[in-house]
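What follows is a set of notes on a single structure, which appears directly below.
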Amino acid sequence: GRWGKTGRAAWSVLAGSAAGAMFLEQADVALFCALLLVPLGLFEASKAVGSWKPVAIAKQSWGAALAAVLIAGGTALSVLGSGVTNVPGGDSEANRWSYITQWSQPPGESLDFIAPGWTGWRSGEQSGPYWGKSGRSEGWESTRHGFMNFRLDNVYVGAIPLLFAVIGLIEAFRRRHEDKHAKTIFLWGGLCLLALLLSFGKFFPLYWLLSLLPGYGNIRCPNKFIHFFQIAWGVLAAFGLDAALRMDSAVLRRWQRNACIAAGGLLVLGALRWTNLGHDGLSRTADWWADQLGVPAVARTVPAQWSLIVTAAQAIEWNKAFSITYAGFAFLFGAGILWMFSAGDSQNVNEKIPRRGRKGSTASGTPVLPLVVFGVWLPAVVVVFDAAVILAPKYIQTMPAGYVTENELVRYLKHELGYNRTAMATQDGFYNQWLTYLFPYYGIPSVNVTQLPRPPADYMAFWGAVKDPVRTWRMAAVSHVLAHSQVAAQILANPAWAKHLEIDFSYDPMDDGYGGVATRRSPAGRHASEVVLKMKDLPPRVAAVHSWREVSDDEALRILADPVFDPDTFVLLAAGSGVPLSSAGPKAPASVEITTLVPGRYEFTVETTDPVVIRVSEKYDPDWKATVNGKRAQVLRSDYMFQGVALMDAGRHAIVLCYEPTLLPVLMQAVGLVAGVGAALWLAAKGLIQRLTNRAVTLSE
């Protein structure tokens, strides 16, 4: 806005830098917002030059565009080629569409915008379980496979912002010929509507057009457009508040009446919802909720299960009644704010707004009505109340201390692991909690991840070929596998797997009283519900292998899937590695000693009398760099997706393997950010100098 009003290049650069800085965090949300910020930027540039001539707009906006591209482009380059992707290229169009639109905002749940918790607070919340359609998997109703629904956030904005946003839009249209801000308000209104429609995703027929654009077709969750929608809604509400402060009492009274009508309608609906909390209403909701959950009719006769469903139904109905009633009172409160603006004598409302005058007066000395001054602050008070009292208790909670409390299992793994990793045969229940909080807290590495709905293509190809879990674990240097005792028994029932694994730790989980899971080790011979399987021969994190050859990726996957192939004694190098073939004949064992192993850096020594390839159980990435005795060496892609370093000379070698991505993305981001900070400081200095000059002139006069 400042850029459009003043046309100063510094404001242009600051605007571009601010827009680009969005990409430093949540780049997918930033890309969604950028789609809507571009027309806003062009509009402000046209205001700055006073026309829509392309050449003039380009000259005016090049600073903003360059600053934004430097920061956003640096962010894009930092992940380019890293193998990180949302949707594998081989996915079908139907699967891709289902994936990118799964979290679409259902239009029928739009009452959530003004009625807090209308569709529940979030999934799994006992005081108000989410019962809407957001996050529902394609075909859930017919297959009962995937998510029935899933939501952990809230889209609530509030009834008072809606009231003032409508005031802003209608008053801008009514005064469009004399209001200099009318076009700006219309633009924000259009962007607000567009963001809402795009947030509907699969429920909006034209969303597929957006998915055809580069980058947008792989981003999950159209409901991320809600972020921009809420911002635009807030801007419109600000314009509406400004308009309310300037309109005469007769117009204000009409808006008061409209707000009261809306409040009355919602309060009547709320009263009807409260009556639904009776036995018949709860029974209907309980039956409906059981249908949604797929609970069979037979299970509904079990008192314990039915009691849980009725409790959930009661929470759902209470939330519906509360949310509509709350929205009704919010509209009534908005009407009260408008009444404050219209209260008092018949003086022009423009005179009620302080303009750098003394407290309690305008710049011209006209007394300011206390009700008006107080009323201006009431919307902010409501926002604080909504955030602190209504929303925060549902979404901002202290993490239970038990999530990161050390237990016997953690002590065992810290003592036993060394340089190896863990794996979890299953990730349900407390295992997922450990994987998310406990293990990272104590630095226990695992090959499992908390969520990987669409793995990169190389992972998919590797897992699709190497279906033997024990082989996968050994290649990833996993030494300990956590499993339910029943799962462990199934694993050990396979002779090919049992020769590699044995039960080394048995335990029973229990509630620690602090939100976490404690463990009690079971004596030998006593049955336990959980076990840790240990590799009989610990797989090395770094190994020196004497035999290797180059193969294509397809051949590598085929060989790795062959049960007779031993990856501990033979390395498959990617085609074009340029390493001479290994020679035949007996070889003396080579020794490997790891001296430092931290995320992103390996330091180890190798002593050998023959050429070897060092196989490192780390995901290959071109940004990994290696030095051998201080000299650069090539990092090879081995066994399809792991790393390797060739040593052709005998002797003792000091090897450093380090993740060193290019600094270009960081430099681009730094230049863009420095430009923005410099522009801000320049504007602040000019403003300060101007104020001091004006003050000096005033004093001299």
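Just so we're on the same page: first chain in the structure tokens is A, next is B, and so on; residues restart at 1 for each chain, and ligands are numbered from 1 in the order they show up.
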Find the residues around Trp318 of chain A up to 9 Å (only C-alpha atoms counted), leave out those fewer than 6 positions away in its own chain, and share them as a list of chain:residue names.
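Residues meeting the cut-off are A:Gly128, A:Arg273, A:Trp274, A:Asn276, A:Leu277.
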If you keep N, CA, C and O atoms, can you produce a file of those selected residues as a PDB file, in the first residue's frame?
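Output contents, as saved in part.pdb:
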ATOM      1  N   GLY A 128     -14.892 -32.242  21.744  1.00  0.00           N
ATOM      2  CA  GLY A 128     -15.516 -31.834  20.493  1.00  0.00           C
ATOM      3  C   GLY A 128     -14.807 -32.473  19.314  1.00  0.00           C
ATOM      4  O   GLY A 128     -14.014 -31.824  18.630  1.00  0.00           O
ATOM      5  N   ARG A 273     -30.737 -25.868  18.614  1.00  0.00           N
ATOM      6  CA  ARG A 273     -29.677 -26.853  18.801  1.00  0.00           C
ATOM      7  C   ARG A 273     -29.596 -27.302  20.256  1.00  0.00           C
ATOM      8  O   ARG A 273     -29.327 -28.476  20.538  1.00  0.00           O
ATOM      9  N   TRP A 274     -29.832 -26.375  21.185  1.00  0.00           N
ATOM     10  CA  TRP A 274     -29.788 -26.759  22.605  1.00  0.00           C
ATOM     11  C   TRP A 274     -30.872 -27.789  22.923  1.00  0.00           C
ATOM     12  O   TRP A 274     -30.673 -28.692  23.741  1.00  0.00           O
ATOM     13  N   ASN A 276     -31.767 -30.064  21.062  1.00  0.00           N
ATOM     14  CA  ASN A 276     -31.358 -31.344  20.485  1.00  0.00           C
ATOM     15  C   ASN A 276     -30.468 -32.150  21.422  1.00  0.00           C
ATOM     16  O   ASN A 276     -30.054 -33.264  21.091  1.00  0.00           O
ATOM     17  N   LEU A 277     -30.154 -31.565  22.582  1.00  0.00           N
ATOM     18  CA  LEU A 277     -29.326 -32.283  23.554  1.00  0.00           C
ATOM     19  C   LEU A 277     -30.137 -33.277  24.376  1.00  0.00           C
ATOM     20  O   LEU A 277     -29.603 -33.962  25.249  1.00  0.00           O
TER      21      LEU A 277
END
Assign secondary structure with DSSP using the backbone only, and return the residues of segment 386-570 of chain A in strand (DSSP E or B) as a PyMOL selection string.
chain A and resi 421-424+446+478-484+501-511+517-521+530-535+542-545+548-551
Neighbour list for segment 198-213 of chain A as number ranges by chain, cut-off 8 Å, only C-alpha atoms, skip fewer than 5 positions in-chain
A: 101-107, 218, 221-226
8 Å contact set for Leu282 of chain A, only C-alpha atoms, chain neighbours under 2 positions out, as a VMD selection string:
chain A and resid 276 to 280 284 to 286 310 313 to 314 317
Taking all heavy atoms for each residue, export the selection above as a compact mmCIF listing (two decimals), in the first residue's frame.
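Full text of result-v2.txt as output:
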# COMPACT_ATOMS: atom_id res chain seq x y z
N ASN A 276 -31.77 -30.06 21.06
CA ASN A 276 -31.36 -31.34 20.49
C ASN A 276 -30.47 -32.15 21.42
O ASN A 276 -30.05 -33.26 21.09
CB ASN A 276 -30.62 -31.11 19.16
CG ASN A 276 -30.82 -32.26 18.18
OD1 ASN A 276 -31.91 -32.80 18.07
ND2 ASN A 276 -29.76 -32.63 17.48
N LEU A 277 -30.15 -31.57 22.58
CA LEU A 277 -29.33 -32.28 23.55
C LEU A 277 -30.14 -33.28 24.38
O LEU A 277 -29.60 -33.96 25.25
CB LEU A 277 -28.63 -31.29 24.49
CG LEU A 277 -27.40 -30.59 23.90
CD1 LEU A 277 -26.94 -29.46 24.81
CD2 LEU A 277 -26.27 -31.58 23.69
N GLY A 278 -31.44 -33.36 24.09
CA GLY A 278 -32.27 -34.34 24.78
C GLY A 278 -31.97 -35.75 24.32
O GLY A 278 -31.16 -36.00 23.43
N HIS A 279 -32.67 -36.70 24.88
CA HIS A 279 -32.40 -38.12 24.62
C HIS A 279 -32.58 -38.48 23.16
O HIS A 279 -31.74 -39.15 22.55
CB HIS A 279 -33.32 -38.99 25.49
CG HIS A 279 -33.11 -40.46 25.27
ND1 HIS A 279 -33.84 -41.18 24.33
CD2 HIS A 279 -32.25 -41.35 25.84
CE1 HIS A 279 -33.44 -42.43 24.34
NE2 HIS A 279 -32.48 -42.58 25.25
N ASP A 280 -33.67 -38.01 22.54
CA ASP A 280 -33.94 -38.37 21.14
C ASP A 280 -32.89 -37.77 20.22
O ASP A 280 -32.41 -38.44 19.29
CB ASP A 280 -35.34 -37.87 20.73
CG ASP A 280 -36.44 -38.63 21.46
OD1 ASP A 280 -36.16 -39.75 21.94
OD2 ASP A 280 -37.56 -38.10 21.55
N ARG A 284 -30.17 -39.88 17.81
CA ARG A 284 -30.02 -39.71 16.36
C ARG A 284 -28.57 -39.40 16.00
O ARG A 284 -28.02 -39.95 15.05
CB ARG A 284 -30.94 -38.60 15.86
CG ARG A 284 -32.41 -38.96 15.84
CD ARG A 284 -33.22 -37.93 15.06
NE ARG A 284 -33.14 -36.61 15.68
CZ ARG A 284 -33.99 -36.17 16.61
NH1 ARG A 284 -34.97 -36.97 17.02
NH2 ARG A 284 -33.87 -34.96 17.12
N THR A 285 -27.94 -38.49 16.77
CA THR A 285 -26.55 -38.14 16.50
C THR A 285 -25.63 -39.33 16.74
O THR A 285 -24.68 -39.56 15.99
CB THR A 285 -26.11 -36.96 17.38
OG1 THR A 285 -26.97 -35.84 17.14
CG2 THR A 285 -24.68 -36.55 17.08
N ALA A 286 -25.91 -40.11 17.79
CA ALA A 286 -25.09 -41.28 18.08
C ALA A 286 -25.17 -42.31 16.95
O ALA A 286 -24.15 -42.88 16.54
CB ALA A 286 -25.51 -41.91 19.41
N VAL A 310 -22.11 -42.43 22.47
CA VAL A 310 -23.07 -41.45 22.99
C VAL A 310 -22.33 -40.25 23.59
O VAL A 310 -22.74 -39.10 23.42
CB VAL A 310 -24.00 -42.10 24.04
CG1 VAL A 310 -24.82 -41.04 24.75
CG2 VAL A 310 -24.91 -43.12 23.36
N ALA A 313 -21.28 -38.17 20.75
CA ALA A 313 -22.45 -37.49 20.18
C ALA A 313 -22.86 -36.30 21.04
O ALA A 313 -23.23 -35.24 20.53
CB ALA A 313 -23.61 -38.48 20.06
N GLN A 314 -22.78 -36.47 22.35
CA GLN A 314 -23.12 -35.37 23.26
C GLN A 314 -22.16 -34.20 23.06
O GLN A 314 -22.56 -33.04 23.04
CB GLN A 314 -23.07 -35.87 24.70
CG GLN A 314 -23.62 -34.87 25.71
CD GLN A 314 -23.75 -35.47 27.09
OE1 GLN A 314 -23.18 -36.51 27.37
NE2 GLN A 314 -24.51 -34.83 27.96
N GLU A 317 -23.06 -32.43 19.71
CA GLU A 317 -24.27 -31.60 19.79
C GLU A 317 -24.03 -30.37 20.67
O GLU A 317 -24.52 -29.28 20.37
CB GLU A 317 -25.43 -32.44 20.34
CG GLU A 317 -25.99 -33.43 19.34
CD GLU A 317 -26.51 -32.74 18.09
OE1 GLU A 317 -27.03 -31.62 18.17
OE2 GLU A 317 -26.36 -33.33 17.00
Long-range neighbours of Ala524 of chain A as a ChimeraX atom specification, 10 Å cut-off, only C-alpha atoms, 4 positions minimum in chain
/A:504-506,528
May I have the selected residues written with all heavy atoms, as a compact mmCIF listing (two decimals), in the first residue's frame?
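And here is the file that came out, result21.txt:
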# COMPACT_ATOMS: atom_id res chain seq x y z
N ASP A 504 16.71 -59.84 22.33
CA ASP A 504 17.75 -59.41 23.27
C ASP A 504 17.19 -58.61 24.44
O ASP A 504 17.88 -58.43 25.45
CB ASP A 504 18.79 -58.56 22.52
CG ASP A 504 20.05 -58.33 23.32
OD1 ASP A 504 20.71 -59.33 23.66
OD2 ASP A 504 20.37 -57.16 23.62
N PHE A 505 15.97 -58.11 24.29
CA PHE A 505 15.38 -57.28 25.36
C PHE A 505 13.88 -57.45 25.30
O PHE A 505 13.26 -57.26 24.24
CB PHE A 505 15.78 -55.81 25.13
CG PHE A 505 15.39 -54.87 26.25
CD1 PHE A 505 16.26 -54.62 27.30
CD2 PHE A 505 14.17 -54.22 26.24
CE1 PHE A 505 15.92 -53.75 28.32
CE2 PHE A 505 13.81 -53.35 27.25
CZ PHE A 505 14.69 -53.11 28.30
N SER A 506 13.27 -57.80 26.42
CA SER A 506 11.81 -57.97 26.51
C SER A 506 11.28 -57.01 27.57
O SER A 506 11.90 -56.84 28.63
CB SER A 506 11.45 -59.41 26.89
OG SER A 506 11.98 -60.32 25.95
N ALA A 528 6.58 -61.27 27.52
CA ALA A 528 6.40 -59.82 27.54
C ALA A 528 5.66 -59.41 26.27
O ALA A 528 5.73 -60.09 25.25
CB ALA A 528 7.76 -59.12 27.63
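Among the candidate residues A:Ser577, A:Thr422, A:Asn407, A:Ser51, the one lying nearest to Tyr507 of chain A is A:Asn407, with distances computed using only C-alpha atoms.
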Residues of segment 265-340 of chain A classed as alpha helix (DSSP H) by DSSP on the backbone are to be reported as number ranges by chain.
A: 265-275, 279-293, 303-340
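Using only C-alpha atoms, the residues found no farther than 12 Å from Gly600 of chain A, other than those of its own chain fewer than 5 positions away, are A:Glu618, A:Lys619, A:Tyr620, A:Asp621, A:Asp623, A:Trp624, A:Lys625, A:Ala626, A:Val656, A:Leu657, A:Cys658, A:Tyr659, A:Glu660, A:Pro661.
Using only C-alpha atoms, the shortest contact distance between Ala10 of chain A and any of A:Trp377, A:Trp52, A:Trp62, A:Tyr437 is found at A:Trp62.
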Under the rule of at most 9 Å, produce a per-residue listing of segment 175-283 of chain A near segment 36-49 of chain A: chain, number, name, the closest pair of atoms, and the distance in Å, as a Markdown table, using only C-alpha atoms.
| residue | atom | partner | partner_atom | distance |
| --- | --- | --- | --- | --- |
| A:Thr184 | CA | A:Phe43 | CA | 8.4 |
| A:Leu187 | CA | A:Leu40 | CA | 7.5 |
| A:Trp188 | CA | A:Leu40 | CA | 8.1 |
| A:Leu191 | CA | A:Leu36 | CA | 6.5 |
| A:Leu194 | CA | A:Leu36 | CA | 8.4 |
| A:Ala195 | CA | A:Leu36 | CA | 7.7 |
| A:Phe228 | CA | A:Leu36 | CA | 8.0 |
Which value, in Å to one decimal, gives the distance between atom CA of Ala19 of chain A and atom CA of Ala685 of chain A?
22.5 Å
Can you work out which one of A:Trp463, A:Pro445, A:Ser134, A:Ala654 has the shortest atom-to-atom distance to Pro599 of chain A, counting only C-alpha atoms?
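Looking at the shortest contact to Pro599 of chain A, the residue is A:Pro445.
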Between atom CA of Ala67 of chain A and atom CA of Leu14 of chain A - distance in Å to one decimal
8.0 Å
